[in-house]
Amino acid sequence: MLGSIPSAASRFLRARISVFFLPIIGLLALLGLAGCGGSDSSAGSSTPAANGGQLSAMAQIGEKIFHDPSLSGNGQMSCATCHDAQRAFAQANPEAVAFGGPALDQAGLRNTPSLKYLSETPAFFFDGEGTPTGGFNRDGRANSLAEQAIRPFLTAFEMDNASAEEVVNKLRNASYAAEFRKLFGEQVFNDTDQAFLDARLALQAYQREDTDFYPFTSKYDYFLSGKAQLSDQELRGLALFNNPQKGNCAGCHPSGRREGGKPPLFTDFTYDNLGVPRNTTIDANNDPDYFDLGLCGPPRLDLADRSDLCGAFKVPTLRNIALTAPYFHNGKFETLQEVVRFYVRRDTNPEEWYPIGTNGLPDKFNDLPDQYKGNVNVTEVPYNRHEGDAPALSANEIDDVVAFLNTLTDGYQP
């Protein structure tokens with residue numbers, strides 16, 4: 001994965017396993033036998049809603065908090081403002097970043113990720129090979145959904161509350177305040193820290209219990225359960241996705257069933273440095289000295305001294321990826337075609353992606369300071385090419401991979 005982190009070998013092995021076994025899984029699915037190893041899409045949920053599908057009292061309050069704009073500084077912005085259910089709970093607007101603040105005109109720093117399929121994300125840790133893994137936000141700095149919720153409430157370019165006390169005062173006056181007191185205690189609002197934590201725990205419960213966040217109802221899920229067939233193009237795309245010598249996507253986005261037959265999450269929770277081009281439409285990038293370095297800051301502070309991690313961002317799930325444009329942490333690319341083309345042509349044709357420098361050559365990895373450009377992944381397929389080499393995928397093969405990615409959208413009707 002990261003050139004400075006000893007994980008490439010294990011990634012290659014995982015990809016090898018996927019490419020050899022996924023065709024077999026697919027064949028069994030088409031024969032209606034894959035369900036013997038697991039469950040159908042409707043039963044594949046990792047955290048079933050409480051009470052036979054009914055949300056718990058805590059989760060019901062969390063749902064109300066999620067959709068409540070009165071909890072923002074200007075009374076116009078809720079969690080749902082930036083996490084649109086119709087776009088897989090990802091960014092609602094098509095621009096690179098979301099906007100918030102008092103007049104809803106302050107630009108964020110990163111593209112808003114999807115909230116779907118996060119319930120099994122582990123707290124941040126370094127695995128036995130030293131690979132950073134898990135955590136919430138694009139830099140993993142939050143260890144739970146409840147911790148992640150602190151930032152949007154208090155960030156000036158998001159919901160813009162000055163303090164937790166301000167949030168709690170608004171909760172005290174919310175239409176569901178009586179329900180909040182009934183659940184957490186009549187005196188709950190007298191303890192600001194506890195009330196703010198309870199509100200965030202309720203949000204966490206909502207995201208864990210409501211199956212809208214993890215329905216497992218894509219065409220691919222039904223394919224794995226033997227209830228749908230992929231087209232020839234989609235099958236070609238799946239094979240390329242898994243092939244460690246072609247797309248090698250499964251190296252970071254495993255596509256096979258997990259332990260116990262659970263559906264794949266299409267992320268291994270790790271981090272990678274892809275050298276994504278700088279997005280000049282982000283206001284912060286108007287400052288030539290500003291760089292978003294992912295794991296080593298500036299928002300994340302505890303790994304600031306890990307120069308080998310600078311520029312690495314979390315590997316996202318690919319579920320519902322067709323709904324969540326624009327792509328990457330900086331929203332640089334607008335279509336999946338662009339994304340896959342970038343993966344396979346970044347190094348063979350850098351002039352397509354990076355500005356031309358004063359030396360007449362493409363300024364590769366131009367969203368990183370020079371001292372961190374060596375962190376970019378240039379060892380794993382498909383990034384191990386050089387100028388003049390053939391890309392790992394042809395134009396037709398890129399289309400095939402994109403066709404497969406489109407099978408990962410929830411709501412398919414078999």
# chains A, B, ... in the order shown; residues from 1 in each chain; ligands from 1
>>> residues_around(residues="region 164-178 of chain A", least_positions_apart="3", cutoff="12 Å", atoms="only C-alpha atoms", output="PDB file with N, CA and C atoms, in the first residue's frame")
ATOM      1  N   ALA A  57     -35.150   3.347  21.405  1.00  0.00           N
ATOM      2  CA  ALA A  57     -35.491   4.716  21.793  1.00  0.00           C
ATOM      3  C   ALA A  57     -34.306   5.650  21.571  1.00  0.00           C
ATOM      4  N   MET A  58     -33.104   5.167  21.852  1.00  0.00           N
ATOM      5  CA  MET A  58     -31.918   5.993  21.640  1.00  0.00           C
ATOM      6  C   MET A  58     -31.715   6.293  20.160  1.00  0.00           C
ATOM      7  N   GLN A  60     -33.958   6.331  17.832  1.00  0.00           N
ATOM      8  CA  GLN A  60     -35.015   7.222  17.353  1.00  0.00           C
ATOM      9  C   GLN A  60     -34.680   8.679  17.663  1.00  0.00           C
ATOM     10  N   ILE A  61     -34.121   8.916  18.839  1.00  0.00           N
ATOM     11  CA  ILE A  61     -33.672  10.278  19.148  1.00  0.00           C
ATOM     12  C   ILE A  61     -32.516  10.664  18.232  1.00  0.00           C
ATOM     13  N   GLY A  62     -31.612   9.722  17.987  1.00  0.00           N
ATOM     14  CA  GLY A  62     -30.500   9.990  17.080  1.00  0.00           C
ATOM     15  C   GLY A  62     -30.964  10.381  15.693  1.00  0.00           C
ATOM     16  N   GLU A  63     -32.019   9.735  15.216  1.00  0.00           N
ATOM     17  CA  GLU A  63     -32.562  10.078  13.900  1.00  0.00           C
ATOM     18  C   GLU A  63     -33.073  11.521  13.893  1.00  0.00           C
ATOM     19  N   LYS A  64     -33.725  11.918  14.975  1.00  0.00           N
ATOM     20  CA  LYS A  64     -34.234  13.285  15.053  1.00  0.00           C
ATOM     21  C   LYS A  64     -33.089  14.295  15.101  1.00  0.00           C
ATOM     22  N   ILE A  65     -32.052  13.978  15.854  1.00  0.00           N
ATOM     23  CA  ILE A  65     -30.882  14.857  15.911  1.00  0.00           C
ATOM     24  C   ILE A  65     -30.243  14.978  14.534  1.00  0.00           C
ATOM     25  N   HIS A  67     -31.492  14.937  11.660  1.00  0.00           N
ATOM     26  CA  HIS A  67     -32.262  15.749  10.714  1.00  0.00           C
ATOM     27  C   HIS A  67     -32.662  17.115  11.273  1.00  0.00           C
ATOM     28  N   ASP A  68     -32.108  17.503  12.401  1.00  0.00           N
ATOM     29  CA  ASP A  68     -32.549  18.723  13.083  1.00  0.00           C
ATOM     30  C   ASP A  68     -31.641  19.914  12.775  1.00  0.00           C
ATOM     31  N   PRO A  69     -32.073  20.855  11.926  1.00  0.00           N
ATOM     32  CA  PRO A  69     -31.236  22.017  11.614  1.00  0.00           C
ATOM     33  C   PRO A  69     -31.129  23.012  12.762  1.00  0.00           C
ATOM     34  N   SER A  70     -32.043  22.925  13.741  1.00  0.00           N
ATOM     35  CA  SER A  70     -31.993  23.882  14.847  1.00  0.00           C
ATOM     36  C   SER A  70     -30.747  23.719  15.701  1.00  0.00           C
ATOM     37  N   LEU A  71     -30.022  22.618  15.539  1.00  0.00           N
ATOM     38  CA  LEU A  71     -28.819  22.380  16.323  1.00  0.00           C
ATOM     39  C   LEU A  71     -27.585  23.048  15.730  1.00  0.00           C
ATOM     40  N   SER A  72     -27.742  23.764  14.646  1.00  0.00           N
ATOM     41  CA  SER A  72     -26.622  24.486  14.037  1.00  0.00           C
ATOM     42  C   SER A  72     -26.633  25.942  14.476  1.00  0.00           C
ATOM     43  N   GLY A  73     -25.527  26.621  14.227  1.00  0.00           N
ATOM     44  CA  GLY A  73     -25.412  28.004  14.636  1.00  0.00           C
ATOM     45  C   GLY A  73     -26.444  28.912  14.006  1.00  0.00           C
ATOM     46  N   ASN A  74     -26.790  28.649  12.744  1.00  0.00           N
ATOM     47  CA  ASN A  74     -27.755  29.508  12.054  1.00  0.00           C
ATOM     48  C   ASN A  74     -29.151  28.894  11.961  1.00  0.00           C
ATOM     49  N   GLY A  75     -29.315  27.699  12.532  1.00  0.00           N
ATOM     50  CA  GLY A  75     -30.622  27.054  12.513  1.00  0.00           C
ATOM     51  C   GLY A  75     -31.042  26.516  11.165  1.00  0.00           C
ATOM     52  N   ALA A 149     -18.779  12.638  15.554  1.00  0.00           N
ATOM     53  CA  ALA A 149     -19.842  13.641  15.507  1.00  0.00           C
ATOM     54  C   ALA A 149     -19.469  14.939  16.217  1.00  0.00           C
ATOM     55  N   ILE A 150     -18.396  14.964  16.982  1.00  0.00           N
ATOM     56  CA  ILE A 150     -17.992  16.203  17.642  1.00  0.00           C
ATOM     57  C   ILE A 150     -17.707  17.294  16.617  1.00  0.00           C
ATOM     58  N   ARG A 151     -16.911  16.927  15.609  1.00  0.00           N
ATOM     59  CA  ARG A 151     -16.387  17.919  14.669  1.00  0.00           C
ATOM     60  C   ARG A 151     -17.468  18.697  13.922  1.00  0.00           C
ATOM     61  N   PRO A 152     -18.453  18.050  13.290  1.00  0.00           N
ATOM     62  CA  PRO A 152     -19.428  18.847  12.531  1.00  0.00           C
ATOM     63  C   PRO A 152     -20.229  19.819  13.392  1.00  0.00           C
ATOM     64  N   PHE A 153     -20.507  19.454  14.640  1.00  0.00           N
ATOM     65  CA  PHE A 153     -21.246  20.372  15.507  1.00  0.00           C
ATOM     66  C   PHE A 153     -20.455  21.641  15.799  1.00  0.00           C
ATOM     67  N   LEU A 154     -19.130  21.527  15.948  1.00  0.00           N
ATOM     68  CA  LEU A 154     -18.328  22.617  16.483  1.00  0.00           C
ATOM     69  C   LEU A 154     -17.435  23.305  15.460  1.00  0.00           C
ATOM     70  N   THR A 155     -17.377  22.810  14.242  1.00  0.00           N
ATOM     71  CA  THR A 155     -16.500  23.398  13.231  1.00  0.00           C
ATOM     72  C   THR A 155     -17.145  24.630  12.600  1.00  0.00           C
ATOM     73  N   MET A 159     -21.497  23.191  11.205  1.00  0.00           N
ATOM     74  CA  MET A 159     -22.679  23.628  11.944  1.00  0.00           C
ATOM     75  C   MET A 159     -22.403  24.827  12.845  1.00  0.00           C
ATOM     76  N   ASP A 160     -21.146  25.149  13.049  1.00  0.00           N
ATOM     77  CA  ASP A 160     -20.733  26.455  13.579  1.00  0.00           C
ATOM     78  C   ASP A 160     -21.270  26.764  14.973  1.00  0.00           C
ATOM     79  N   ASN A 161     -21.280  25.795  15.857  1.00  0.00           N
ATOM     80  CA  ASN A 161     -21.567  26.087  17.258  1.00  0.00           C
ATOM     81  C   ASN A 161     -20.264  26.451  17.962  1.00  0.00           C
ATOM     82  N   ARG A 181     -34.830  13.739  27.836  1.00  0.00           N
ATOM     83  CA  ARG A 181     -34.769  13.675  29.301  1.00  0.00           C
ATOM     84  C   ARG A 181     -35.289  12.339  29.825  1.00  0.00           C
ATOM     85  N   LYS A 182     -36.345  11.847  29.205  1.00  0.00           N
ATOM     86  CA  LYS A 182     -36.907  10.573  29.647  1.00  0.00           C
ATOM     87  C   LYS A 182     -35.890   9.445  29.499  1.00  0.00           C
ATOM     88  N   LEU A 183     -35.123   9.484  28.424  1.00  0.00           N
ATOM     89  CA  LEU A 183     -34.159   8.417  28.164  1.00  0.00           C
ATOM     90  C   LEU A 183     -32.895   8.574  29.002  1.00  0.00           C
ATOM     91  N   PHE A 184     -32.391   9.790  29.085  1.00  0.00           N
ATOM     92  CA  PHE A 184     -31.080   9.997  29.703  1.00  0.00           C
ATOM     93  C   PHE A 184     -31.145  10.576  31.120  1.00  0.00           C
ATOM     94  N   GLY A 185     -32.331  10.895  31.591  1.00  0.00           N
ATOM     95  CA  GLY A 185     -32.463  11.415  32.951  1.00  0.00           C
ATOM     96  C   GLY A 185     -32.966  12.847  32.964  1.00  0.00           C
ATOM     97  N   GLU A 186     -33.813  13.161  33.929  1.00  0.00           N
ATOM     98  CA  GLU A 186     -34.439  14.484  33.981  1.00  0.00           C
ATOM     99  C   GLU A 186     -33.419  15.605  34.136  1.00  0.00           C
ATOM    100  N   GLN A 187     -32.291  15.320  34.742  1.00  0.00           N
ATOM    101  CA  GLN A 187     -31.284  16.351  34.986  1.00  0.00           C
ATOM    102  C   GLN A 187     -30.178  16.352  33.932  1.00  0.00           C
ATOM    103  N   VAL A 188     -30.389  15.661  32.834  1.00  0.00           N
ATOM    104  CA  VAL A 188     -29.314  15.464  31.858  1.00  0.00           C
ATOM    105  C   VAL A 188     -28.744  16.770  31.332  1.00  0.00           C
ATOM    106  N   PHE A 189     -29.583  17.777  31.148  1.00  0.00           N
ATOM    107  CA  PHE A 189     -29.097  19.018  30.557  1.00  0.00           C
ATOM    108  C   PHE A 189     -28.301  19.862  31.542  1.00  0.00           C
ATOM    109  N   ASN A 190     -28.242  19.450  32.795  1.00  0.00           N
ATOM    110  CA  ASN A 190     -27.440  20.170  33.782  1.00  0.00           C
ATOM    111  C   ASN A 190     -25.953  19.826  33.666  1.00  0.00           C
ATOM    112  N   ASP A 191     -25.655  18.750  32.965  1.00  0.00           N
ATOM    113  CA  ASP A 191     -24.259  18.322  32.763  1.00  0.00           C
ATOM    114  C   ASP A 191     -23.965  18.402  31.269  1.00  0.00           C
ATOM    115  N   THR A 192     -23.341  19.492  30.865  1.00  0.00           N
ATOM    116  CA  THR A 192     -23.116  19.751  29.436  1.00  0.00           C
ATOM    117  C   THR A 192     -22.358  18.623  28.761  1.00  0.00           C
ATOM    118  N   ASP A 193     -21.252  18.205  29.351  1.00  0.00           N
ATOM    119  CA  ASP A 193     -20.425  17.175  28.717  1.00  0.00           C
ATOM    120  C   ASP A 193     -21.200  15.876  28.550  1.00  0.00           C
ATOM    121  N   GLN A 194     -21.959  15.491  29.577  1.00  0.00           N
ATOM    122  CA  GLN A 194     -22.709  14.241  29.495  1.00  0.00           C
ATOM    123  C   GLN A 194     -23.829  14.345  28.471  1.00  0.00           C
ATOM    124  N   ALA A 195     -24.528  15.464  28.449  1.00  0.00           N
ATOM    125  CA  ALA A 195     -25.627  15.628  27.496  1.00  0.00           C
ATOM    126  C   ALA A 195     -25.109  15.625  26.060  1.00  0.00           C
ATOM    127  N   PHE A 196     -23.962  16.271  25.839  1.00  0.00           N
ATOM    128  CA  PHE A 196     -23.379  16.293  24.490  1.00  0.00           C
ATOM    129  C   PHE A 196     -22.953  14.888  24.084  1.00  0.00           C
ATOM    130  N   LEU A 197     -22.385  14.140  25.020  1.00  0.00           N
ATOM    131  CA  LEU A 197     -22.014  12.752  24.738  1.00  0.00           C
ATOM    132  C   LEU A 197     -23.251  11.915  24.458  1.00  0.00           C
ATOM    133  N   ASP A 198     -24.308  12.088  25.248  1.00  0.00           N
ATOM    134  CA  ASP A 198     -25.524  11.311  25.033  1.00  0.00           C
ATOM    135  C   ASP A 198     -26.115  11.581  23.656  1.00  0.00           C
ATOM    136  N   ALA A 199     -26.085  12.826  23.242  1.00  0.00           N
ATOM    137  CA  ALA A 199     -26.600  13.173  21.906  1.00  0.00           C
ATOM    138  C   ALA A 199     -25.805  12.457  20.827  1.00  0.00           C
ATOM    139  N   ARG A 200     -24.498  12.404  21.000  1.00  0.00           N
ATOM    140  CA  ARG A 200     -23.648  11.753  19.999  1.00  0.00           C
ATOM    141  C   ARG A 200     -23.785  10.238  20.041  1.00  0.00           C
TER     142      ARG A 200
END
>>> closest_atom_pairs(of="region 246-346 of chain A", to="region 78-93 of chain A", cutoff="12 Å", atoms="only C-alpha atoms", output="Markdown table")
| residue | atom | partner | partner_atom | distance |
| --- | --- | --- | --- | --- |
| A:Pro316 | CA | A:Ala90 | CA | 11.9 |
| A:Thr317 | CA | A:Ala88 | CA | 11.4 |
| A:Leu318 | CA | A:Ala88 | CA | 11.1 |
| A:Arg319 | CA | A:Ala88 | CA | 8.8 |
| A:Asn320 | CA | A:Ala88 | CA | 6.4 |
| A:Ile321 | CA | A:Ala88 | CA | 8.5 |
| A:Ala322 | CA | A:Arg87 | CA | 8.9 |
| A:Leu323 | CA | A:Arg87 | CA | 5.2 |
| A:Thr324 | CA | A:Arg87 | CA | 5.9 |
| A:Ala325 | CA | A:Gln91 | CA | 8.2 |
| A:Pro326 | CA | A:Gln91 | CA | 8.7 |
| A:Tyr327 | CA | A:Gln91 | CA | 10.5 |
| A:His329 | CA | A:Gln91 | CA | 11.7 |
| A:Gly331 | CA | A:Gln91 | CA | 10.2 |
| A:Glu334 | CA | A:Asn93 | CA | 11.9 |
>>> write_last_selection(atoms="N, CA and C atoms", output="mmCIF file, in the first residue's frame")
data_model
loop_
_atom_site.group_PDB
_atom_site.id
_atom_site.type_symbol
_atom_site.label_atom_id
_atom_site.label_comp_id
_atom_site.auth_asym_id
_atom_site.auth_seq_id
_atom_site.Cartn_x
_atom_site.Cartn_y
_atom_site.Cartn_z
ATOM 1 N N PRO A 316 -11.818 4.178 1.130
ATOM 2 C CA PRO A 316 -13.260 4.178 1.398
ATOM 3 C C PRO A 316 -13.924 2.910 0.881
ATOM 4 N N THR A 317 -15.115 2.636 1.365
ATOM 5 C CA THR A 317 -15.912 1.594 0.736
ATOM 6 C C THR A 317 -16.279 2.023 -0.678
ATOM 7 N N LEU A 318 -16.386 1.054 -1.579
ATOM 8 C CA LEU A 318 -16.841 1.349 -2.938
ATOM 9 C C LEU A 318 -18.339 1.114 -3.108
ATOM 10 N N ARG A 319 -19.000 0.686 -2.048
ATOM 11 C CA ARG A 319 -20.452 0.523 -2.136
ATOM 12 C C ARG A 319 -21.093 1.881 -2.411
ATOM 13 N N ASN A 320 -22.017 1.896 -3.375
ATOM 14 C CA ASN A 320 -22.733 3.106 -3.782
ATOM 15 C C ASN A 320 -21.812 4.165 -4.377
ATOM 16 N N ILE A 321 -20.660 3.736 -4.875
ATOM 17 C CA ILE A 321 -19.689 4.694 -5.390
ATOM 18 C C ILE A 321 -20.242 5.484 -6.576
ATOM 19 N N ALA A 322 -21.171 4.918 -7.318
ATOM 20 C CA ALA A 322 -21.748 5.634 -8.453
ATOM 21 C C ALA A 322 -22.584 6.830 -8.018
ATOM 22 N N LEU A 323 -22.967 6.882 -6.738
ATOM 23 C CA LEU A 323 -23.819 7.964 -6.230
ATOM 24 C C LEU A 323 -23.045 9.068 -5.534
ATOM 25 N N THR A 324 -21.756 8.889 -5.312
ATOM 26 C CA THR A 324 -21.052 9.762 -4.379
ATOM 27 C C THR A 324 -20.028 10.690 -5.021
ATOM 28 N N ALA A 325 -20.177 10.988 -6.303
ATOM 29 C CA ALA A 325 -19.275 11.949 -6.946
ATOM 30 C C ALA A 325 -19.439 13.325 -6.300
ATOM 31 N N PRO A 326 -18.385 14.154 -6.321
ATOM 32 C CA PRO A 326 -17.058 13.930 -6.881
ATOM 33 C C PRO A 326 -16.197 13.064 -5.959
ATOM 34 N N TYR A 327 -15.050 12.628 -6.474
ATOM 35 C CA TYR A 327 -14.293 11.567 -5.827
ATOM 36 C C TYR A 327 -12.954 12.031 -5.243
ATOM 37 N N HIS A 329 -10.552 12.619 -1.556
ATOM 38 C CA HIS A 329 -10.693 13.522 -0.410
ATOM 39 C C HIS A 329 -10.886 14.970 -0.838
ATOM 40 N N GLY A 331 -12.288 15.847 -3.881
ATOM 41 C CA GLY A 331 -13.317 15.970 -4.906
ATOM 42 C C GLY A 331 -12.775 16.319 -6.278
ATOM 43 N N GLU A 334 -14.882 14.026 -11.279
ATOM 44 C CA GLU A 334 -16.339 14.066 -11.296
ATOM 45 C C GLU A 334 -16.989 12.766 -11.729
#
>>> select_by_dssp(residues="region 51-245 of chain A", states="alpha helix (DSSP H)", output="ChimeraX atom specification")
/A:57-66,79-82,145-148,150-154,164-172,177-184,192-209,219-224,232-242
>>> select_by_dssp(residues="region 145-343 of chain A", states="strand (DSSP E or B)", output="list in words")
Thr270, Tyr271, Asp272, Gly294, Ala312, Phe313, Lys314, Tyr327 and Phe333 of chain A
>>> write_last_selection(atoms="N, CA and C atoms", output="PDB file, in the first residue's frame")
ATOM      1  N   THR A 270      -7.689   0.411   5.428  1.00  0.00           N
ATOM      2  CA  THR A 270      -6.321   0.920   5.486  1.00  0.00           C
ATOM      3  C   THR A 270      -6.243   2.290   4.811  1.00  0.00           C
ATOM      4  N   TYR A 271      -5.010   2.746   4.573  1.00  0.00           N
ATOM      5  CA  TYR A 271      -4.758   4.082   4.016  1.00  0.00           C
ATOM      6  C   TYR A 271      -3.813   3.963   2.837  1.00  0.00           C
ATOM      7  N   ASP A 272      -3.932   4.903   1.917  1.00  0.00           N
ATOM      8  CA  ASP A 272      -3.039   4.888   0.765  1.00  0.00           C
ATOM      9  C   ASP A 272      -2.756   6.318   0.324  1.00  0.00           C
ATOM     10  N   GLY A 294      -3.550  14.487   5.049  1.00  0.00           N
ATOM     11  CA  GLY A 294      -4.207  13.274   5.505  1.00  0.00           C
ATOM     12  C   GLY A 294      -3.801  12.879   6.907  1.00  0.00           C
ATOM     13  N   ALA A 312      -1.398  10.300   3.038  1.00  0.00           N
ATOM     14  CA  ALA A 312      -2.202   9.069   3.015  1.00  0.00           C
ATOM     15  C   ALA A 312      -3.608   9.342   3.546  1.00  0.00           C
ATOM     16  N   PHE A 313      -4.607   8.815   2.837  1.00  0.00           N
ATOM     17  CA  PHE A 313      -6.005   8.947   3.220  1.00  0.00           C
ATOM     18  C   PHE A 313      -6.651   7.573   3.278  1.00  0.00           C
ATOM     19  N   LYS A 314      -7.746   7.507   4.039  1.00  0.00           N
ATOM     20  CA  LYS A 314      -8.408   6.223   4.260  1.00  0.00           C
ATOM     21  C   LYS A 314      -8.990   5.657   2.976  1.00  0.00           C
ATOM     22  N   TYR A 327     -15.050  12.628  -6.474  1.00  0.00           N
ATOM     23  CA  TYR A 327     -14.293  11.567  -5.827  1.00  0.00           C
ATOM     24  C   TYR A 327     -12.954  12.031  -5.243  1.00  0.00           C
ATOM     25  N   PHE A 333     -12.151  14.525  -9.047  1.00  0.00           N
ATOM     26  CA  PHE A 333     -12.706  13.920 -10.258  1.00  0.00           C
ATOM     27  C   PHE A 333     -14.213  13.778 -10.161  1.00  0.00           C
TER      28      PHE A 333
END
>>> residues_around(residues="Ser231 (chain A)", least_positions_apart="2", cutoff="12 Å", atoms="only C-alpha atoms", output="list of chain:residue names")
A:Leu30, A:Lys219, A:Tyr220, A:Phe223, A:Ala228, A:Gln229, A:Gln233, A:Glu234, A:Leu235, A:Arg236, A:Gly237, A:Leu238, A:Asp400, A:Ala403, A:Phe404, A:Asn406, A:Thr407
>>> atom_distance(atom1="CA of Gly256 (chain A)", atom2="CA of Tyr206 (chain A)")
27.4 Å
